[in-house]
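Remarks on the structure that follows.
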Amino acid sequence: MYSEKVMDHFQNPRNVGEIEDASGVGTVGNAKCGDIMRIFLDIDEKGIIRDVKFKTFGCGAAVATSSMATELVKGKTIREAMQVTNKAVMEALDGLPPVKVHCSLLAEEAIHAALWDYAEKNGITIEGLERPKSDIGEHEEEQEY
């Protein structure tokens, strides 16, 4: 049912924790399943994500997608982090069961929410970034796959 990569990121999650005085913090959830994901970003003056941490309350797939998403954005520019989609997270994990696709959507939205927070704190606009949703509901899931 789950790929080896999903199991590895669930059993040995990368970048767990929080960053004190983070450049940006994003929290999103899915009220239907109860998953809550929070991503912390440390962004330097050149717009590079120096560090990233996460805290997730949810199923194994939620933990695995959080872990993989942090790996995908660490060391990247803001623009590169904007390109990390739920599909990229799923591909990096060698896929997710259809009933767990919403976890990858949470990961994408949590990154965007943290970038939104960073942009607001610094009075800047990040091209292509929209105000994040705090709850990823069913209709968003259906549209994505």
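Numbering starts fresh at 1 for the residues of each chain in the structure tokens, the chains themselves are lettered A, B, ... in the order given, and ligands are numbered from 1 as they appear.
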I want to know what sits within 8 Å of Val63 of chain A, based on only C-alpha atoms, with residues of the same chain fewer than 6 positions away left out; could you give that as a tab-separated table (two decimals) with N, CA, C and O atoms, in the first residue's frame?
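Result file selection.tsv:
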chain	number	residue	atom	x	y	z
A	9	HIS	N	10.18	7.83	5.42
A	9	HIS	CA	9.95	9.20	5.91
A	9	HIS	C	8.99	9.22	7.09
A	9	HIS	O	9.05	10.13	7.91
A	10	PHE	N	8.12	8.22	7.20
A	10	PHE	CA	7.25	8.12	8.36
A	10	PHE	C	8.03	7.63	9.58
A	10	PHE	O	7.94	8.19	10.67
A	13	PRO	N	11.42	10.49	10.13
A	13	PRO	CA	11.14	11.80	9.52
A	13	PRO	C	12.33	12.75	9.64
A	13	PRO	O	13.05	12.75	10.64
A	56	THR	N	3.79	17.93	12.67
A	56	THR	CA	2.56	17.43	12.06
A	56	THR	C	1.82	16.53	13.03
A	56	THR	O	2.44	15.67	13.66
A	57	PHE	N	0.53	16.76	13.12
A	57	PHE	CA	-0.36	15.88	13.86
A	57	PHE	C	-1.22	15.19	12.82
A	57	PHE	O	-1.97	15.85	12.12
Query - Non-local contacts of segment 80-87 of chain A (9 Å; only C-alpha atoms; under 2 positions in same chain excluded) as a PyMOL selection string - result: chain A and resi 49+65+69+72-74+76-78+89-92+95+101-109+111-112+115+126+128-129+144-145
Just-selected residues, N, CA and C atoms written as a PDB file, in the first residue's frame:
ATOM      1  N   ILE A  49      16.251  29.373   1.518  1.00  0.00           N
ATOM      2  CA  ILE A  49      15.728  28.690   2.702  1.00  0.00           C
ATOM      3  C   ILE A  49      16.886  27.942   3.359  1.00  0.00           C
ATOM      4  N   THR A  65       4.708  13.094   4.104  1.00  0.00           N
ATOM      5  CA  THR A  65       4.658  14.199   3.137  1.00  0.00           C
ATOM      6  C   THR A  65       5.277  15.465   3.728  1.00  0.00           C
ATOM      7  N   ALA A  69       8.445  17.170   1.987  1.00  0.00           N
ATOM      8  CA  ALA A  69       8.314  18.569   1.563  1.00  0.00           C
ATOM      9  C   ALA A  69       9.453  19.413   2.128  1.00  0.00           C
ATOM     10  N   LEU A  72      12.508  18.834   0.133  1.00  0.00           N
ATOM     11  CA  LEU A  72      12.436  19.414  -1.209  1.00  0.00           C
ATOM     12  C   LEU A  72      12.691  20.923  -1.228  1.00  0.00           C
ATOM     13  N   VAL A  73      12.420  21.626  -0.118  1.00  0.00           N
ATOM     14  CA  VAL A  73      12.606  23.085  -0.121  1.00  0.00           C
ATOM     15  C   VAL A  73      13.899  23.537   0.562  1.00  0.00           C
ATOM     16  N   LYS A  74      14.498  22.698   1.358  1.00  0.00           N
ATOM     17  CA  LYS A  74      15.712  23.075   2.091  1.00  0.00           C
ATOM     18  C   LYS A  74      16.837  23.422   1.114  1.00  0.00           C
ATOM     19  N   LYS A  76      16.759  25.758  -1.057  1.00  0.00           N
ATOM     20  CA  LYS A  76      16.213  26.320  -2.294  1.00  0.00           C
ATOM     21  C   LYS A  76      15.881  27.801  -2.136  1.00  0.00           C
ATOM     22  N   THR A  77      15.697  28.469  -3.267  1.00  0.00           N
ATOM     23  CA  THR A  77      15.241  29.852  -3.249  1.00  0.00           C
ATOM     24  C   THR A  77      13.732  29.856  -3.013  1.00  0.00           C
ATOM     25  N   ILE A  78      13.207  31.023  -2.702  1.00  0.00           N
ATOM     26  CA  ILE A  78      11.758  31.166  -2.537  1.00  0.00           C
ATOM     27  C   ILE A  78      11.048  30.750  -3.828  1.00  0.00           C
ATOM     28  N   VAL A  89       5.713  16.285  -4.393  1.00  0.00           N
ATOM     29  CA  VAL A  89       5.876  15.576  -3.118  1.00  0.00           C
ATOM     30  C   VAL A  89       5.503  14.104  -3.296  1.00  0.00           C
ATOM     31  N   MET A  90       4.385  13.849  -3.961  1.00  0.00           N
ATOM     32  CA  MET A  90       3.955  12.459  -4.183  1.00  0.00           C
ATOM     33  C   MET A  90       4.972  11.694  -5.023  1.00  0.00           C
ATOM     34  N   GLU A  91       5.479  12.328  -6.088  1.00  0.00           N
ATOM     35  CA  GLU A  91       6.471  11.668  -6.942  1.00  0.00           C
ATOM     36  C   GLU A  91       7.746  11.357  -6.164  1.00  0.00           C
ATOM     37  N   ALA A  92       8.187  12.287  -5.320  1.00  0.00           N
ATOM     38  CA  ALA A  92       9.397  12.076  -4.531  1.00  0.00           C
ATOM     39  C   ALA A  92       9.229  10.917  -3.544  1.00  0.00           C
ATOM     40  N   GLY A  95       4.749   7.874  -4.845  1.00  0.00           N
ATOM     41  CA  GLY A  95       3.295   7.748  -4.865  1.00  0.00           C
ATOM     42  C   GLY A  95       2.650   7.622  -3.502  1.00  0.00           C
ATOM     43  N   VAL A 101      -3.962  11.387  -0.866  1.00  0.00           N
ATOM     44  CA  VAL A 101      -3.493  12.503  -1.701  1.00  0.00           C
ATOM     45  C   VAL A 101      -3.630  13.826  -0.951  1.00  0.00           C
ATOM     46  N   HIS A 102      -4.665  13.958  -0.113  1.00  0.00           N
ATOM     47  CA  HIS A 102      -4.863  15.212   0.626  1.00  0.00           C
ATOM     48  C   HIS A 102      -3.659  15.554   1.493  1.00  0.00           C
ATOM     49  N   CYS A 103      -2.893  14.567   1.922  1.00  0.00           N
ATOM     50  CA  CYS A 103      -1.706  14.836   2.741  1.00  0.00           C
ATOM     51  C   CYS A 103      -0.659  15.613   1.943  1.00  0.00           C
ATOM     52  N   SER A 104      -0.501  15.267   0.661  1.00  0.00           N
ATOM     53  CA  SER A 104       0.457  16.007  -0.164  1.00  0.00           C
ATOM     54  C   SER A 104      -0.041  17.421  -0.435  1.00  0.00           C
ATOM     55  N   LEU A 105      -1.366  17.590  -0.518  1.00  0.00           N
ATOM     56  CA  LEU A 105      -1.925  18.936  -0.673  1.00  0.00           C
ATOM     57  C   LEU A 105      -1.651  19.769   0.573  1.00  0.00           C
ATOM     58  N   LEU A 106      -1.757  19.156   1.740  1.00  0.00           N
ATOM     59  CA  LEU A 106      -1.436  19.867   2.982  1.00  0.00           C
ATOM     60  C   LEU A 106       0.012  20.327   2.971  1.00  0.00           C
ATOM     61  N   ALA A 107       0.916  19.464   2.525  1.00  0.00           N
ATOM     62  CA  ALA A 107       2.342  19.819   2.494  1.00  0.00           C
ATOM     63  C   ALA A 107       2.583  21.032   1.591  1.00  0.00           C
ATOM     64  N   GLU A 108       1.988  21.014   0.406  1.00  0.00           N
ATOM     65  CA  GLU A 108       2.121  22.147  -0.525  1.00  0.00           C
ATOM     66  C   GLU A 108       1.562  23.422   0.107  1.00  0.00           C
ATOM     67  N   GLU A 109       0.372  23.329   0.672  1.00  0.00           N
ATOM     68  CA  GLU A 109      -0.265  24.508   1.276  1.00  0.00           C
ATOM     69  C   GLU A 109       0.498  25.012   2.503  1.00  0.00           C
ATOM     70  N   ILE A 111       3.754  24.887   2.967  1.00  0.00           N
ATOM     71  CA  ILE A 111       4.897  25.642   2.437  1.00  0.00           C
ATOM     72  C   ILE A 111       4.429  27.028   1.996  1.00  0.00           C
ATOM     73  N   HIS A 112       3.342  27.076   1.247  1.00  0.00           N
ATOM     74  CA  HIS A 112       2.818  28.360   0.766  1.00  0.00           C
ATOM     75  C   HIS A 112       2.393  29.258   1.933  1.00  0.00           C
ATOM     76  N   LEU A 115       5.484  30.726   3.432  1.00  0.00           N
ATOM     77  CA  LEU A 115       6.002  31.779   2.543  1.00  0.00           C
ATOM     78  C   LEU A 115       5.129  33.031   2.620  1.00  0.00           C
ATOM     79  N   ILE A 126       5.307  37.860  -3.138  1.00  0.00           N
ATOM     80  CA  ILE A 126       5.948  36.742  -3.822  1.00  0.00           C
ATOM     81  C   ILE A 126       5.079  36.401  -5.016  1.00  0.00           C
ATOM     82  N   GLY A 128       2.970  34.917  -7.753  1.00  0.00           N
ATOM     83  CA  GLY A 128       2.253  33.659  -7.876  1.00  0.00           C
ATOM     84  C   GLY A 128       1.718  33.097  -6.567  1.00  0.00           C
ATOM     85  N   LEU A 129       2.058  33.731  -5.455  1.00  0.00           N
ATOM     86  CA  LEU A 129       1.614  33.229  -4.154  1.00  0.00           C
ATOM     87  C   LEU A 129       0.269  33.839  -3.794  1.00  0.00           C
ATOM     88  N   GLU A 144      -7.476  18.406  -7.599  1.00  0.00           N
ATOM     89  CA  GLU A 144      -6.062  18.192  -7.813  1.00  0.00           C
ATOM     90  C   GLU A 144      -5.713  16.873  -8.511  1.00  0.00           C
ATOM     91  N   TYR A 145      -6.551  15.851  -8.382  1.00  0.00           N
ATOM     92  CA  TYR A 145      -6.166  14.578  -9.016  1.00  0.00           C
ATOM     93  C   TYR A 145      -7.263  14.037  -9.846  1.00  0.00           C
TER      94      TYR A 145
END
Query - atom CA of Lys133 of chain A to atom CA of Glu71 of chain A, straight-line distance in Å - result: 22.5 Å
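Between atom CA of Glu127 of chain A and atom CA of Leu93 of chain A the separation is 27.4 Å.
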Query raised in the report: Would you give me, as a PyMOL selection string, the residues in chain A that DSSP reads as alpha helix (DSSP H)?
Result: chain A and resi 4-11+60-73+78-82+86-92+101-122+138-144
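Of the residues listed (A:Val52, A:Ile43, A:Cys59, A:Ser23), A:Cys59 shows the shortest atom-to-atom separation from Gln11 of chain A; distances use only C-alpha atoms.
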Report task. Go through A:Ser3, A:Asn15, A:Asn122, A:Asn30 and flag the residue nearest Ser66 of chain A, using only C-alpha atoms for the distances. Result ->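 Smallest separation from Ser66 of chain A among the options: A:Asn15.
With atom CA of Gly26 of chain A on one side and atom CA of Phe54 of chain A on the other, the separation reads 9.5 Å.
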**Report entry** Closest of A:Gly24, A:Gly60, A:Gly17, A:Met68 to Asp94 of chain A - atom-to-atom distances counting only C-alpha atoms
**Finding:**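 Under the stated criterion, the closest residue is A:Met68.
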Query raised in the report: If you run DSSP on the backbone, which residues of segment 36-115 of chain A are strand (DSSP E), as a PyMOL selection string?
Result: chain A and resi 36-43+49-57
I need the residues from that last selection saved to file as a compact mmCIF listing (two decimals), in the first residue's frame (with N, CA, C and O atoms), if you can.
# COMPACT_ATOMS: atom_id res chain seq x y z
N ILE A 36 -3.09 18.09 10.90
CA ILE A 36 -2.64 19.48 11.04
C ILE A 36 -1.14 19.49 10.78
O ILE A 36 -0.40 18.69 11.34
N MET A 37 -0.72 20.43 9.93
CA MET A 37 0.68 20.50 9.53
C MET A 37 1.17 21.94 9.72
O MET A 37 0.51 22.88 9.32
N ARG A 38 2.34 22.06 10.37
CA ARG A 38 2.95 23.37 10.56
C ARG A 38 4.38 23.31 10.04
O ARG A 38 5.14 22.42 10.40
N ILE A 39 4.72 24.28 9.18
CA ILE A 39 6.07 24.36 8.60
C ILE A 39 6.71 25.68 9.03
O ILE A 39 6.07 26.73 8.99
N PHE A 40 7.97 25.59 9.44
CA PHE A 40 8.77 26.74 9.87
C PHE A 40 9.90 26.92 8.87
O PHE A 40 10.60 25.96 8.55
N LEU A 41 10.09 28.15 8.38
CA LEU A 41 11.16 28.46 7.44
C LEU A 41 12.13 29.47 8.02
O LEU A 41 11.72 30.43 8.66
N ASP A 42 13.41 29.25 7.77
CA ASP A 42 14.46 30.22 8.08
C ASP A 42 15.04 30.64 6.73
O ASP A 42 15.69 29.84 6.05
N ILE A 43 14.73 31.87 6.34
CA ILE A 43 15.11 32.37 5.01
C ILE A 43 16.15 33.47 5.18
O ILE A 43 15.96 34.41 5.95
N ILE A 49 16.25 29.37 1.52
CA ILE A 49 15.73 28.69 2.70
C ILE A 49 16.89 27.94 3.36
O ILE A 49 17.30 26.88 2.89
N ARG A 50 17.42 28.56 4.42
CA ARG A 50 18.57 27.98 5.13
C ARG A 50 18.18 26.75 5.92
O ARG A 50 18.93 25.79 6.01
N ASP A 51 17.00 26.82 6.55
CA ASP A 51 16.55 25.71 7.37
C ASP A 51 15.03 25.63 7.30
O ASP A 51 14.36 26.63 7.04
N VAL A 52 14.54 24.45 7.54
CA VAL A 52 13.09 24.21 7.53
C VAL A 52 12.80 23.08 8.50
O VAL A 52 13.57 22.12 8.58
N LYS A 53 11.74 23.26 9.27
CA LYS A 53 11.32 22.25 10.25
C LYS A 53 9.81 22.08 10.12
O LYS A 53 9.11 22.94 9.59
N PHE A 54 9.31 20.96 10.65
CA PHE A 54 7.87 20.76 10.64
C PHE A 54 7.41 20.09 11.92
O PHE A 54 8.16 19.39 12.59
N LYS A 55 6.15 20.33 12.21
CA LYS A 55 5.42 19.61 13.25
C LYS A 55 4.09 19.21 12.62
O LYS A 55 3.38 20.06 12.09
N THR A 56 3.79 17.93 12.67
CA THR A 56 2.56 17.43 12.06
C THR A 56 1.82 16.53 13.03
O THR A 56 2.44 15.67 13.66
N PHE A 57 0.53 16.76 13.12
CA PHE A 57 -0.36 15.88 13.86
C PHE A 57 -1.22 15.19 12.82
O PHE A 57 -1.97 15.85 12.12
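Nearest residue to Pro98 of chain A, choosing from A:Ala61, A:Ala22, A:Val28, A:Trp116 and counting only C-alpha atoms: A:Ala61.
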